[in-house]
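Text of target-v1.tsv (TSV, C-alpha atoms) as supplied:
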chain	number	residue	atom	x	y	z
H	1	MET	CA	-20.20	2.67	2.50
H	2	LYS	CA	-21.56	6.04	1.32
H	3	LEU	CA	-18.93	8.74	0.85
H	4	ARG	CA	-18.95	12.47	0.24
H	5	THR	CA	-16.95	12.80	-2.98
H	6	ILE	CA	-15.44	15.79	-4.79
H	7	ASP	CA	-17.87	15.53	-7.69
H	8	GLU	CA	-20.59	16.59	-5.22
H	9	ILE	CA	-18.90	19.94	-4.49
H	10	LYS	CA	-20.64	22.84	-6.19
H	11	LYS	CA	-18.91	26.03	-7.32
H	12	LEU	CA	-15.26	25.11	-6.90
H	13	LYS	CA	-14.04	28.08	-8.93
H	14	GLY	CA	-11.85	30.32	-6.81
H	15	LYS	CA	-12.12	28.06	-3.75
H	16	ARG	CA	-8.97	27.08	-1.89
H	17	VAL	CA	-8.95	23.30	-1.56
H	18	LEU	CA	-6.58	21.59	0.87
H	19	VAL	CA	-5.79	18.12	-0.48
H	20	ARG	CA	-4.15	15.42	1.62
H	21	VAL	CA	-2.18	13.28	-0.82
H	22	ASP	CA	0.31	10.49	-0.16
H	23	PHE	CA	3.63	11.44	-1.72
H	24	ASN	CA	5.58	9.19	0.63
H	25	VAL	CA	7.65	7.88	-2.27
H	26	PRO	CA	11.07	6.21	-2.38
H	27	LEU	CA	14.01	8.53	-3.02
H	28	LYS	CA	17.50	7.87	-4.35
H	29	LYS	CA	20.73	9.78	-4.94
H	30	SER	CA	21.57	10.89	-8.45
H	31	GLY	CA	24.96	12.52	-8.28
H	32	ALA	CA	24.69	15.27	-5.67
H	33	LYS	CA	20.90	15.39	-5.94
H	34	ILE	CA	18.15	13.42	-4.20
H	35	VAL	CA	15.51	12.38	-6.73
H	36	VAL	CA	12.30	10.36	-6.81
H	37	ALA	CA	12.96	6.65	-7.42
H	38	ASP	CA	9.34	5.69	-8.14
H	39	ASP	CA	6.61	8.21	-9.03
H	40	THR	CA	3.67	5.75	-8.88
H	41	ARG	CA	1.97	7.47	-5.94
H	42	ILE	CA	2.46	10.92	-7.48
H	43	ARG	CA	0.82	9.80	-10.72
H	44	ALA	CA	-2.01	8.13	-8.77
H	45	ALA	CA	-2.98	11.53	-7.30
H	46	LEU	CA	-3.10	13.31	-10.67
H	47	PRO	CA	-6.78	12.61	-11.51
H	48	THR	CA	-7.95	14.38	-8.35
H	49	ILE	CA	-5.51	17.29	-8.77
H	50	LYS	CA	-6.43	17.77	-12.42
H	51	TYR	CA	-10.16	17.56	-11.67
H	52	LEU	CA	-9.91	20.31	-9.05
H	53	LEU	CA	-7.74	22.51	-11.28
H	54	GLY	CA	-10.15	21.96	-14.14
H	55	GLN	CA	-12.97	23.22	-11.94
H	56	GLY	CA	-11.03	26.40	-11.23
H	57	ALA	CA	-9.97	25.61	-7.67
H	58	LYS	CA	-6.80	26.82	-5.96
H	59	VAL	CA	-5.18	23.53	-4.95
H	60	ILE	CA	-2.98	23.26	-1.85
H	61	LEU	CA	-1.33	19.86	-1.53
H	62	MET	CA	0.02	18.37	1.69
H	63	SER	CA	1.81	15.10	2.41
H	64	HIS	CA	4.32	13.44	4.69
H	65	LEU	CA	7.57	11.86	3.58
H	66	GLY	CA	9.48	9.35	5.68
H	67	ASP	CA	9.77	9.69	9.44
H	68	PRO	CA	11.71	12.84	10.42
H	69	GLY	CA	10.35	12.64	13.98
H	70	GLY	CA	8.84	16.11	14.11
H	71	LYS	CA	12.08	17.81	13.05
H	72	VAL	CA	13.19	19.47	9.82
H	73	LYS	CA	15.46	17.14	7.86
H	74	LYS	CA	16.64	18.37	4.47
H	75	ASN	CA	16.99	14.86	3.06
H	76	LEU	CA	13.24	14.38	3.60
H	77	SER	CA	12.12	17.60	1.95
H	78	LEU	CA	9.34	17.34	-0.62
H	79	LYS	CA	11.42	19.31	-3.15
H	80	PRO	CA	12.16	16.23	-5.33
H	81	ILE	CA	8.44	15.43	-5.37
H	82	GLY	CA	7.63	19.03	-6.31
H	83	SER	CA	10.02	18.79	-9.24
H	84	VAL	CA	8.33	15.63	-10.57
H	85	LEU	CA	4.83	16.98	-9.98
H	86	GLY	CA	5.64	20.23	-11.77
H	87	LYS	CA	6.75	18.32	-14.85
H	88	LEU	CA	3.67	16.06	-14.78
H	89	LEU	CA	1.32	19.04	-14.47
H	90	LEU	CA	3.36	21.26	-16.78
H	91	MET	CA	3.27	24.10	-14.28
H	92	LYS	CA	5.31	25.93	-11.67
H	93	GLY	CA	4.40	26.54	-8.02
H	94	THR	CA	4.97	22.98	-6.84
H	95	ALA	CA	8.09	23.70	-4.77
H	96	PRO	CA	7.15	22.99	-1.13
H	97	ALA	CA	6.52	25.90	1.23
H	98	ASP	CA	6.26	26.03	5.02
H	99	TRP	CA	2.75	27.35	5.67
H	100	GLU	CA	3.75	28.65	9.10
H	101	GLY	CA	6.27	31.04	7.56
H	102	ARG	CA	5.31	34.44	6.12
H	103	LYS	CA	6.58	33.52	2.67
H	104	GLY	CA	4.37	30.41	2.58
H	105	LEU	CA	1.28	32.30	3.65
H	106	LYS	CA	1.96	35.04	1.13
H	107	LYS	CA	2.19	32.42	-1.61
H	108	ILE	CA	-1.16	30.98	-0.59
H	109	ASP	CA	-2.78	34.42	-0.46
H	110	ALA	CA	-1.39	35.20	-3.91
H	111	MET	CA	-2.70	32.00	-5.52
H	112	LYS	CA	-4.82	32.39	-8.61
H	113	THR	CA	-7.66	30.27	-9.94
H	114	GLY	CA	-6.37	26.99	-11.39
H	115	GLU	CA	-3.03	27.12	-9.57
H	116	VAL	CA	-1.40	24.53	-7.34
H	117	MET	CA	1.11	24.72	-4.51
H	118	MET	CA	2.49	22.21	-2.05
H	119	LEU	CA	3.24	22.44	1.66
H	120	GLU	CA	6.52	21.13	3.05
H	121	ASN	CA	6.70	17.72	4.75
H	122	LEU	CA	3.91	17.56	7.34
H	123	ARG	CA	6.03	15.41	9.66
H	124	PHE	CA	8.55	18.22	10.08
H	125	HIS	CA	5.95	19.36	12.65
H	126	PRO	CA	5.45	17.24	15.82
H	127	GLY	CA	1.77	18.19	15.78
H	128	GLU	CA	1.09	16.04	12.70
H	129	GLU	CA	1.62	12.60	14.22
H	130	LYS	CA	0.29	13.73	17.61
H	131	ASN	CA	-2.95	14.89	15.93
H	132	ASP	CA	-2.53	18.25	17.65
H	133	LYS	CA	-5.74	20.27	17.49
H	134	LYS	CA	-3.93	23.61	17.08
H	135	PHE	CA	-1.80	22.23	14.25
H	136	ALA	CA	-4.89	20.82	12.50
H	137	ALA	CA	-6.74	24.13	12.91
H	138	GLY	CA	-3.76	25.96	11.39
H	139	LEU	CA	-3.80	23.73	8.35
H	140	ALA	CA	-7.57	24.10	8.00
H	141	SER	CA	-7.27	27.91	8.12
H	142	LEU	CA	-5.48	27.82	4.77
H	143	ALA	CA	-8.51	26.62	2.80
H	144	ASP	CA	-12.26	26.54	2.27
H	145	ILE	CA	-12.59	22.81	1.56
H	146	TYR	CA	-10.69	19.66	2.56
H	147	VAL	CA	-10.18	16.64	0.28
H	148	ASN	CA	-8.55	13.39	1.39
H	149	ASP	CA	-6.99	11.44	-1.45
H	150	ALA	CA	-4.35	9.66	0.66
H	151	PHE	CA	-5.70	6.13	1.02
H	152	ALA	CA	-2.23	4.81	1.87
H	153	ALA	CA	-2.24	6.99	5.01
H	154	ALA	CA	-5.93	6.54	5.88
H	155	HIS	CA	-5.11	4.12	8.72
H	156	ARG	CA	-3.21	6.88	10.55
H	157	ALA	CA	-5.06	9.10	13.06
H	158	HIS	CA	-2.86	12.12	12.28
H	159	ALA	CA	-3.75	15.81	12.21
H	160	SER	CA	-3.90	16.15	8.42
H	161	ILE	CA	-6.13	13.09	8.19
H	162	VAL	CA	-8.56	13.19	11.10
H	163	GLY	CA	-7.94	16.65	12.62
H	164	VAL	CA	-8.49	18.95	9.65
H	165	PRO	CA	-11.94	17.49	8.75
H	166	LYS	CA	-13.24	18.81	12.08
H	167	PHE	CA	-12.80	22.35	10.79
H	168	LEU	CA	-13.68	22.13	7.08
H	169	PRO	CA	-16.28	20.56	4.77
H	170	SER	CA	-14.58	17.28	3.85
H	171	TYR	CA	-14.71	15.09	0.76
H	172	THR	CA	-13.15	12.00	-0.77
H	173	GLY	CA	-10.73	12.34	-3.68
H	174	LEU	CA	-10.96	10.18	-6.80
H	175	LEU	CA	-8.13	7.84	-5.78
H	176	MET	CA	-9.52	7.34	-2.29
H	177	LYS	CA	-12.96	6.68	-3.76
H	178	LYS	CA	-11.60	4.08	-6.17
H	179	GLU	CA	-9.58	2.30	-3.46
H	180	ILE	CA	-12.56	2.09	-1.12
H	181	ASN	CA	-14.94	0.89	-3.83
H	182	VAL	CA	-12.56	-1.81	-5.11
H	183	LEU	CA	-11.61	-3.17	-1.70
H	184	SER	CA	-15.23	-3.04	-0.53
H	185	SER	CA	-16.17	-5.23	-3.49
H	186	LEU	CA	-13.75	-7.89	-2.22
H	187	LEU	CA	-15.47	-7.90	1.16
H	188	GLY	CA	-18.95	-7.69	-0.34
H	189	LYS	CA	-20.01	-10.21	-2.98
H	190	PRO	CA	-16.96	-10.97	-5.14
H	191	SER	CA	-17.31	-13.34	-8.08
H	192	LYS	CA	-16.42	-16.88	-7.05
H	193	PRO	CA	-14.09	-18.68	-6.88
H	194	PHE	CA	-12.37	-15.93	-4.88
H	195	ILE	CA	-8.69	-16.73	-4.33
H	196	GLY	CA	-6.46	-14.83	-1.90
H	197	LEU	CA	-2.67	-14.83	-1.80
H	198	ILE	CA	-0.91	-13.64	1.33
H	199	GLY	CA	2.86	-13.50	1.66
H	200	GLY	CA	5.52	-11.30	3.17
H	201	ALA	CA	7.76	-11.45	6.18
H	202	LYS	CA	5.53	-11.27	9.25
H	203	ILE	CA	2.45	-13.26	10.16
H	204	SER	CA	1.77	-10.93	13.11
H	205	THR	CA	0.81	-8.05	10.81
H	206	LYS	CA	-1.55	-10.23	8.78
H	207	ILE	CA	-3.38	-12.37	11.34
H	208	SER	CA	-6.53	-10.23	11.29
H	209	VAL	CA	-6.66	-9.98	7.51
H	210	ILE	CA	-6.18	-13.75	7.19
H	211	GLU	CA	-9.02	-14.33	9.65
H	212	ASN	CA	-11.35	-11.97	7.80
H	213	LEU	CA	-10.45	-13.20	4.31
H	214	LEU	CA	-11.04	-16.81	5.34
H	215	LYS	CA	-14.71	-15.84	5.70
H	216	LYS	CA	-14.78	-14.64	2.08
H	217	VAL	CA	-12.35	-16.68	-0.03
H	218	ASN	CA	-12.59	-20.17	-1.46
H	219	SER	CA	-8.85	-20.68	-0.96
H	220	LEU	CA	-6.08	-18.69	0.70
H	221	LEU	CA	-2.62	-19.41	-0.73
H	222	LEU	CA	0.24	-18.58	1.62
H	223	GLY	CA	3.89	-17.87	0.91
H	224	GLY	CA	6.82	-15.78	2.05
H	225	ALA	CA	8.45	-15.95	5.46
H	226	LEU	CA	5.08	-16.00	7.22
H	227	VAL	CA	4.58	-19.65	6.18
H	228	ASN	CA	7.66	-20.58	8.20
H	229	ASN	CA	5.52	-20.17	11.30
H	230	PHE	CA	3.13	-22.87	10.05
H	231	PHE	CA	5.86	-25.43	9.46
H	232	LYS	CA	7.60	-24.60	12.73
H	233	ALA	CA	4.26	-24.98	14.54
H	234	ALA	CA	3.69	-28.33	12.79
H	235	GLY	CA	6.98	-29.66	14.16
H	236	TYR	CA	9.42	-29.21	11.27
H	237	ASP	CA	12.97	-27.93	11.69
H	238	ILE	CA	13.21	-24.80	9.52
H	239	GLY	CA	16.90	-24.00	10.06
H	240	ALA	CA	17.70	-20.29	9.91
H	241	SER	CA	14.30	-19.38	8.46
H	242	VAL	CA	12.70	-16.27	9.94
H	243	TYR	CA	9.65	-16.89	12.15
H	244	GLU	CA	7.83	-15.34	15.12
H	245	PRO	CA	7.85	-17.54	18.27
H	246	LYS	CA	4.91	-15.62	19.77
H	247	GLU	CA	2.70	-16.45	16.77
H	248	LEU	CA	3.20	-20.23	16.66
H	249	LYS	CA	-0.06	-20.88	18.55
H	250	THR	CA	-1.94	-18.77	16.01
H	251	ALA	CA	-0.27	-20.59	13.12
H	252	LYS	CA	-1.20	-23.94	14.66
H	253	LYS	CA	-4.83	-22.81	14.88
H	254	PHE	CA	-4.83	-21.79	11.22
H	255	LEU	CA	-3.44	-25.20	10.21
H	256	LYS	CA	-6.87	-26.67	10.94
H	257	ASN	CA	-8.59	-24.47	8.37
H	258	LYS	CA	-9.13	-26.33	5.09
H	259	LYS	CA	-9.21	-23.11	3.04
H	260	ILE	CA	-5.56	-22.44	3.81
H	261	VAL	CA	-3.16	-23.82	1.21
H	262	LEU	CA	0.52	-24.18	2.14
H	263	PRO	CA	3.60	-24.83	-0.03
H	264	ILE	CA	4.46	-28.44	-0.84
H	265	ASP	CA	8.08	-27.66	-1.72
H	266	PHE	CA	10.60	-24.89	-1.14
H	267	VAL	CA	13.74	-23.33	-2.50
H	268	VAL	CA	16.29	-23.57	0.31
H	269	GLY	CA	19.50	-21.57	0.41
H	270	ASP	CA	21.67	-18.97	2.09
H	271	PHE	CA	20.56	-15.36	2.41
H	272	LYS	CA	23.14	-14.12	-0.11
H	273	GLY	CA	21.92	-16.41	-2.88
H	274	LYS	CA	25.24	-18.21	-3.34
H	275	LYS	CA	23.81	-21.69	-2.84
H	276	ALA	CA	20.22	-22.88	-3.38
H	277	TRP	CA	18.31	-26.12	-3.97
H	278	VAL	CA	14.74	-27.45	-3.95
H	279	ILE	CA	13.28	-29.68	-1.23
H	280	SER	CA	9.83	-31.30	-1.04
H	281	VAL	CA	7.89	-31.13	2.21
H	282	PRO	CA	7.87	-34.68	3.67
H	283	LYS	CA	4.92	-36.02	5.62
H	284	LYS	CA	7.25	-36.94	8.45
H	285	LYS	CA	8.00	-33.98	10.74
H	286	THR	CA	11.71	-33.75	10.06
H	287	ALA	CA	14.23	-31.09	9.05
H	288	LEU	CA	13.31	-29.03	6.00
H	289	CYS	CA	16.71	-27.39	6.29
H	290	LYS	CA	19.49	-26.80	8.77
H	291	LYS	CA	21.29	-23.59	9.77
H	292	PRO	CA	22.72	-21.50	8.18
H	293	TYR	CA	20.20	-22.26	5.41
H	294	ALA	CA	16.58	-21.13	5.23
H	295	LEU	CA	13.30	-21.50	3.31
H	296	LEU	CA	13.51	-18.58	0.86
H	297	ASP	CA	10.97	-19.22	-1.90
H	298	ILE	CA	8.12	-21.52	-2.84
H	299	GLY	CA	9.27	-24.41	-5.04
H	300	PRO	CA	8.26	-25.44	-8.60
H	301	GLU	CA	5.60	-27.93	-7.50
H	302	THR	CA	4.01	-25.26	-5.29
H	303	ILE	CA	4.05	-22.80	-8.19
H	304	LYS	CA	2.28	-25.43	-10.29
H	305	LYS	CA	-0.26	-26.18	-7.55
H	306	TYR	CA	-0.99	-22.50	-6.83
H	307	SER	CA	-1.23	-21.77	-10.56
H	308	GLU	CA	-3.89	-24.44	-11.03
H	309	ILE	CA	-5.97	-22.86	-8.26
H	310	ILE	CA	-5.46	-19.33	-9.62
H	311	ARG	CA	-6.54	-20.42	-13.13
H	312	LYS	CA	-9.97	-21.34	-11.74
H	313	ALA	CA	-10.41	-17.99	-9.96
H	314	GLN	CA	-12.86	-15.25	-10.90
H	315	THR	CA	-11.53	-12.84	-8.25
H	316	ILE	CA	-7.92	-12.62	-7.01
H	317	ALA	CA	-6.48	-10.52	-4.16
H	318	TRP	CA	-2.73	-10.59	-3.51
H	319	ASN	CA	-0.65	-8.93	-0.79
H	320	GLY	CA	2.92	-9.97	0.01
H	321	PRO	CA	5.66	-11.71	-2.03
H	322	MET	CA	6.05	-15.50	-2.03
H	323	GLY	CA	9.74	-15.40	-1.17
H	324	TYR	CA	12.91	-13.35	-0.78
H	325	PHE	CA	12.35	-12.05	-4.31
H	326	GLU	CA	14.98	-9.30	-4.13
H	327	ILE	CA	17.57	-12.04	-4.81
H	328	PRO	CA	17.05	-13.58	-8.29
H	329	LYS	CA	17.42	-17.20	-7.11
H	330	TYR	CA	14.46	-16.70	-4.77
H	331	SER	CA	12.24	-14.63	-7.08
H	332	HIS	CA	10.76	-17.38	-9.25
H	333	GLY	CA	7.66	-18.08	-7.15
H	334	THR	CA	6.71	-14.43	-6.78
H	335	LEU	CA	7.34	-13.50	-10.42
H	336	ALA	CA	5.69	-16.61	-11.87
H	337	LEU	CA	2.48	-16.05	-9.91
H	338	GLY	CA	2.65	-12.33	-10.62
H	339	GLN	CA	2.75	-13.01	-14.36
H	340	LEU	CA	-0.15	-15.43	-14.11
H	341	ILE	CA	-2.28	-13.05	-12.04
H	342	ALA	CA	-1.59	-10.24	-14.52
H	343	ALA	CA	-2.46	-12.50	-17.45
H	344	ARG	CA	-5.68	-13.67	-15.78
H	345	SER	CA	-6.63	-10.09	-14.88
H	346	LYS	CA	-6.42	-9.20	-18.57
H	347	GLY	CA	-9.37	-11.56	-19.14
H	348	LYS	CA	-12.59	-12.00	-17.17
H	349	VAL	CA	-10.90	-12.29	-13.77
H	350	PHE	CA	-10.85	-9.29	-11.41
H	351	GLY	CA	-7.34	-8.94	-9.97
H	352	VAL	CA	-6.27	-6.72	-7.06
H	353	VAL	CA	-2.68	-6.35	-5.88
H	354	GLY	CA	-1.36	-4.32	-2.94
H	355	GLY	CA	1.64	-3.79	-0.70
H	356	GLY	CA	4.91	-2.06	-1.58
H	357	GLU	CA	6.97	-5.21	-2.16
H	358	THR	CA	4.17	-6.90	-4.09
H	359	ILE	CA	3.81	-3.91	-6.40
H	360	GLU	CA	7.58	-3.87	-6.90
H	361	ALA	CA	7.48	-7.55	-7.81
H	362	VAL	CA	4.61	-7.09	-10.28
H	363	LYS	CA	6.53	-4.28	-11.96
H	364	LYS	CA	9.44	-6.66	-12.42
H	365	THR	CA	7.18	-8.92	-14.48
H	366	GLY	CA	6.61	-6.08	-16.94
H	367	MET	CA	2.87	-6.84	-16.80
H	368	SER	CA	1.58	-4.51	-14.08
H	369	GLU	CA	-0.54	-2.60	-16.61
H	370	TYR	CA	-2.82	-5.64	-16.92
H	371	ILE	CA	-3.76	-5.78	-13.22
H	372	ASP	CA	-7.27	-4.42	-12.70
H	373	HIS	CA	-6.34	-2.52	-9.55
H	374	ILE	CA	-2.97	-1.90	-7.89
H	375	SER	CA	-3.63	-0.48	-4.43
H	376	THR	CA	-1.45	2.39	-3.24
H	377	GLY	CA	-2.02	1.32	0.35
H	378	GLY	CA	0.08	-1.34	2.08
H	379	GLY	CA	-0.91	-1.18	5.75
H	380	ALA	CA	-4.12	0.65	4.87
H	381	MET	CA	-5.15	-2.08	2.44
H	382	LEU	CA	-4.53	-4.76	5.06
H	383	GLU	CA	-6.48	-2.94	7.76
H	384	PHE	CA	-9.34	-2.30	5.34
H	385	LEU	CA	-9.45	-6.00	4.45
H	386	GLU	CA	-9.60	-6.77	8.16
H	387	GLY	CA	-13.05	-5.17	8.00
H	388	LYS	CA	-12.11	-1.97	9.82
H	389	VAL	CA	-13.43	1.51	9.04
H	390	LEU	CA	-10.14	3.39	8.80
H	391	PRO	CA	-9.71	6.63	10.81
H	392	GLY	CA	-9.20	8.64	7.63
H	393	ILE	CA	-12.39	7.34	6.07
H	394	LYS	CA	-14.74	8.02	9.00
H	395	PRO	CA	-14.85	11.83	8.48
H	396	LEU	CA	-15.76	11.31	4.81
H	397	LEU	CA	-18.85	9.19	5.40
H	398	LYS	CA	-22.30	10.61	4.76

Exercise: express the given structure as structure tokens:
Amino acid sequence: MKLRTIDEIKKLKGKRVLVRVDFNVPLKKSGAKIVVADDTRIRAALPTIKYLLGQGAKVILMSHLGDPGGKVKKNLSLKPIGSVLGKLLLMKGTAPADWEGRKGLKKIDAMKTGEVMMLENLRFHPGEEKNDKKFAAGLASLADIYVNDAFAAAHRAHASIVGVPKFLPSYTGLLMKKEINVLSSLLGKPSKPFIGLIGGAKISTKISVIENLLKKVNSLLLGGALVNNFFKAAGYDIGASVYEPKELKTAKKFLKNKKIVLPIDFVVGDFKGKKAWVISVPKKKTALCKKPYALLDIGPETIKKYSEIIRKAQTIAWNGPMGYFEIPKYSHGTLALGQLIAARSKGKVFGVVGGGETIEAVKKTGMSEYIDHISTGGGAMLEFLEGKVLPGIKPLLK
């Protein structure tokens, strides 16, 4: 996959560069203020921003935040992000401005070489998600060059992602370039054994990525609520465990694949974490648990089994927690494997982790710094690993 990247742009000094970043970060209340709860995605965009500023460009940042439905909602303003970004860059001018207003346009016209400003939440405008041509042309009119550094939003065919490149010379940012190169290596010729871990709540969102990874991996270890579908399809009673009735046929088909590795024991309990115990999976198709209890984490024997497979890996790709890790009693499987993957990544193994909950879990281990690559894209990572060329990547190809 050959990309047009920002290091190919000549004479950036004085040029206005419109950069699509992904600052769709979690927020929280701190007293009367709304503040950024996790600045990971903001920090991930810094290399591209600093590169452009270092080359003397006038940098105009744009992002969405949440889902305001095409209406202005103060609680989804990018002001908290601007505050964090200003501190990280040690500069002013990062308070969001509405480019359609006179004040915003005046700010852009008054920008000096090496300055940065940010537009207000793109999704305050209905034209963003509708990929409105007029809206895209308006955004494009603000700059000379377009750079897409928002890999996490690259699977969206929105105006700021696929519309703007129709009007401006378009390039890949440093983060986008890194994401594409790393994930492409997983689908190319990864060092073997290549071990995949897929977890999370829904099998429906991961069917295609499971199918595509099965062509590449030596083993695919499954966990989280999505494995409930496999045991339900096999004839076990899974009590109050979450599953998708429409996907049982698909799960049954996957059961025949020898590369798929399923849990051999579970932590069973209630959803509040008041009562929990371990059960082994019997050969006889019987009840694993009864309502109101559910399968909420992989058990100790599964952790041991999965760990033995992971220790033999040369490449590891992980997306989705192994259980309901937000509750401590059901976090052991996710955190234990997270620690092991981080430890292995510190050595000769190439480790890639993605997905919001997975990243959150890895952070809880205190070892996220050892992972070779933590992808900023959840849905985008999954769609990429399905083998798709994402809508946001197409305009950046040579």

Exercise. Return the single residue from H:Glu8, H:Asp109, H:Glu308, H:Glu128 that is closest to Ser141 of chain H, with distances computed using all atoms listed in the file.
Key: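 Checking each candidate against Ser141 of chain H, we get H:Asp109 as the closest.
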
Sorted per-residue table, segment 182-232 of chain H near segment 265-275 of chain H, closest atoms and distance, 12 Å, only C-alpha atoms, as JSON lines:
{"residue": "H:Gly223", "atom": "CA", "partner": "H:Phe266", "partner_atom": "CA", "distance": 9.9}
{"residue": "H:Gly224", "atom": "CA", "partner": "H:Phe266", "partner_atom": "CA", "distance": 10.4}
{"residue": "H:Ala225", "atom": "CA", "partner": "H:Phe266", "partner_atom": "CA", "distance": 11.3}
{"residue": "H:Val227", "atom": "CA", "partner": "H:Phe266", "partner_atom": "CA", "distance": 10.8}
{"residue": "H:Asn228", "atom": "CA", "partner": "H:Phe266", "partner_atom": "CA", "distance": 10.7}
{"residue": "H:Phe231", "atom": "CA", "partner": "H:Asp265", "partner_atom": "CA", "distance": 11.6}

Exercise. Check the smallest atom-to-atom distance from each of H:Lys216, H:His155, H:Lys29, H:Arg41 to Gly392 of chain H using only C-alpha atoms, then report the winner.
Key: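 Selected residue with least distance to Gly392 of chain H: H:His155.
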
Quiz item: Expressed in Å to a single decimal, how great is the separation between atom CA of Thr302 of chain H and atom CA of Lys258 of chain H?
Solution: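 Computed distance, atom CA of Thr302 of chain H to atom CA of Lys258 of chain H, equals 16.8 Å.
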
Quiz item: What's the 8 Å shell around Val35 of chain H, counting all atoms listed in the file, without same-chain residues fewer than 4 positions away, as a list of chain:residue names?
Solution: H:Leu27, H:Lys28, H:Lys29, H:Ser30, H:Pro80, H:Ile81

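If you measure from each of H:Asn319, H:Thr172, H:Ser83, H:Thr94 to Lys206 of chain H using all atoms listed in the file, the closest one turns out to be H:Asn319.
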
Exercise. Between H:Glu115, H:Asp237, H:Glu357, H:Glu386, single out the one closest to Leu214 of chain H, counting all atoms listed in the file.
Key: H:Glu386

Quiz prompt | Contacts of segment 130-139 of chain H at 9 Å (all atoms listed in the file; same-chain gap of 3+ positions) as a ChimeraX atom specification | solution = /H:18,99-100,125-127,142-143,157-167

Self-check item: Shell of 6 Å around Ala317 of chain H, all atoms listed in the file, local chain residues under 6 positions omitted, as an MDAnalysis selection string
Solution: chainID H and resid 196 352:353

Quiz prompt | Tyr330 of chain H surroundings by all atoms listed in the file, 7 Å radius, close-in-sequence under 4 positions cut, as a PyMOL selection string | solution = chain H and resi 296-297+323-325

Quiz prompt | Gap from atom CA of Lys232 of chain H to atom CA of Ser219 of chain H - Å, one decimal | solution =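 About the pair atom CA of Lys232 of chain H and atom CA of Ser219 of chain H: they are 21.8 Å apart.
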
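If you look at atom CA of Ile198 of chain H and atom CA of Leu288 of chain H, they are 21.5 Å away from each other.
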
Got a sec: who's within 7 Å of Ile371 of chain H, counting all atoms listed in the file, leaving out chain neighbours fewer than 2 positions off, as a PDB file with C-alpha atoms, in the frame of the given file?
ATOM      1  CA  ALA H 342      -1.590 -10.240 -14.520  1.00  0.00           C
ATOM      2  CA  SER H 345      -6.630 -10.090 -14.880  1.00  0.00           C
ATOM      3  CA  LYS H 346      -6.420  -9.200 -18.570  1.00  0.00           C
ATOM      4  CA  GLY H 351      -7.340  -8.940  -9.970  1.00  0.00           C
ATOM      5  CA  VAL H 352      -6.270  -6.720  -7.060  1.00  0.00           C
ATOM      6  CA  SER H 368       1.580  -4.510 -14.080  1.00  0.00           C
ATOM      7  CA  GLU H 369      -0.540  -2.600 -16.610  1.00  0.00           C
ATOM      8  CA  HIS H 373      -6.340  -2.520  -9.550  1.00  0.00           C
ATOM      9  CA  ILE H 374      -2.970  -1.900  -7.890  1.00  0.00           C
TER      10      ILE H 374
END

Quiz item: Nearest to Ala287 of chain H among H:Tyr236, H:Glu360, H:Val209, H:Ser331, with distances taken over only C-alpha atoms: which residue is it?
Solution: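 That would be H:Tyr236, the residue with the smallest distance to Ala287 of chain H.
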
Quiz prompt | Ref. answer, residues at most 6 Å from (-14.3, 25.0, 2.2) with only C-alpha atoms, as number ranges by chain | solution = H: 144-145, 168-169

Return the padded bounding box of segment 35-47 of chain H as JSON: axis-aligned, built from all atoms listed in the file, 3 Å added on each side, with centre and edge lengths in Å to one decimal.
{"center_x": 4.4, "center_y": 9.5, "center_z": -8.7, "size_x": 28.3, "size_y": 13.6, "size_z": 11.6}

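Restricting the calculation to all atoms listed in the file, the smallest distance between Lys107 of chain H and any of H:Thr5, H:Glu129, H:Lys283, H:Leu119 is found for H:Leu119.
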
Quiz item: At a cut-off of 7 Å from (17.2, -26.2, 8.8) in the coordinates of the file, what residues are picked up using all atoms listed in the file, written as a PyMOL selection string?
Solution: chain H and resi 237-240+287-291+293-294

Write the residues you've just listed into a file as a PDB file, keeping the file's coordinate frame, and include C-alpha atoms for each of them.
ATOM      1  CA  ASP H 237      12.970 -27.930  11.690  1.00  0.00           C
ATOM      2  CA  ILE H 238      13.210 -24.800   9.520  1.00  0.00           C
ATOM      3  CA  GLY H 239      16.900 -24.000  10.060  1.00  0.00           C
ATOM      4  CA  ALA H 240      17.700 -20.290   9.910  1.00  0.00           C
ATOM      5  CA  ALA H 287      14.230 -31.090   9.050  1.00  0.00           C
ATOM      6  CA  LEU H 288      13.310 -29.030   6.000  1.00  0.00           C
ATOM      7  CA  CYS H 289      16.710 -27.390   6.290  1.00  0.00           C
ATOM      8  CA  LYS H 290      19.490 -26.800   8.770  1.00  0.00           C
ATOM      9  CA  LYS H 291      21.290 -23.590   9.770  1.00  0.00           C
ATOM     10  CA  TYR H 293      20.200 -22.260   5.410  1.00  0.00           C
ATOM     11  CA  ALA H 294      16.580 -21.130   5.230  1.00  0.00           C
TER      12      ALA H 294
END
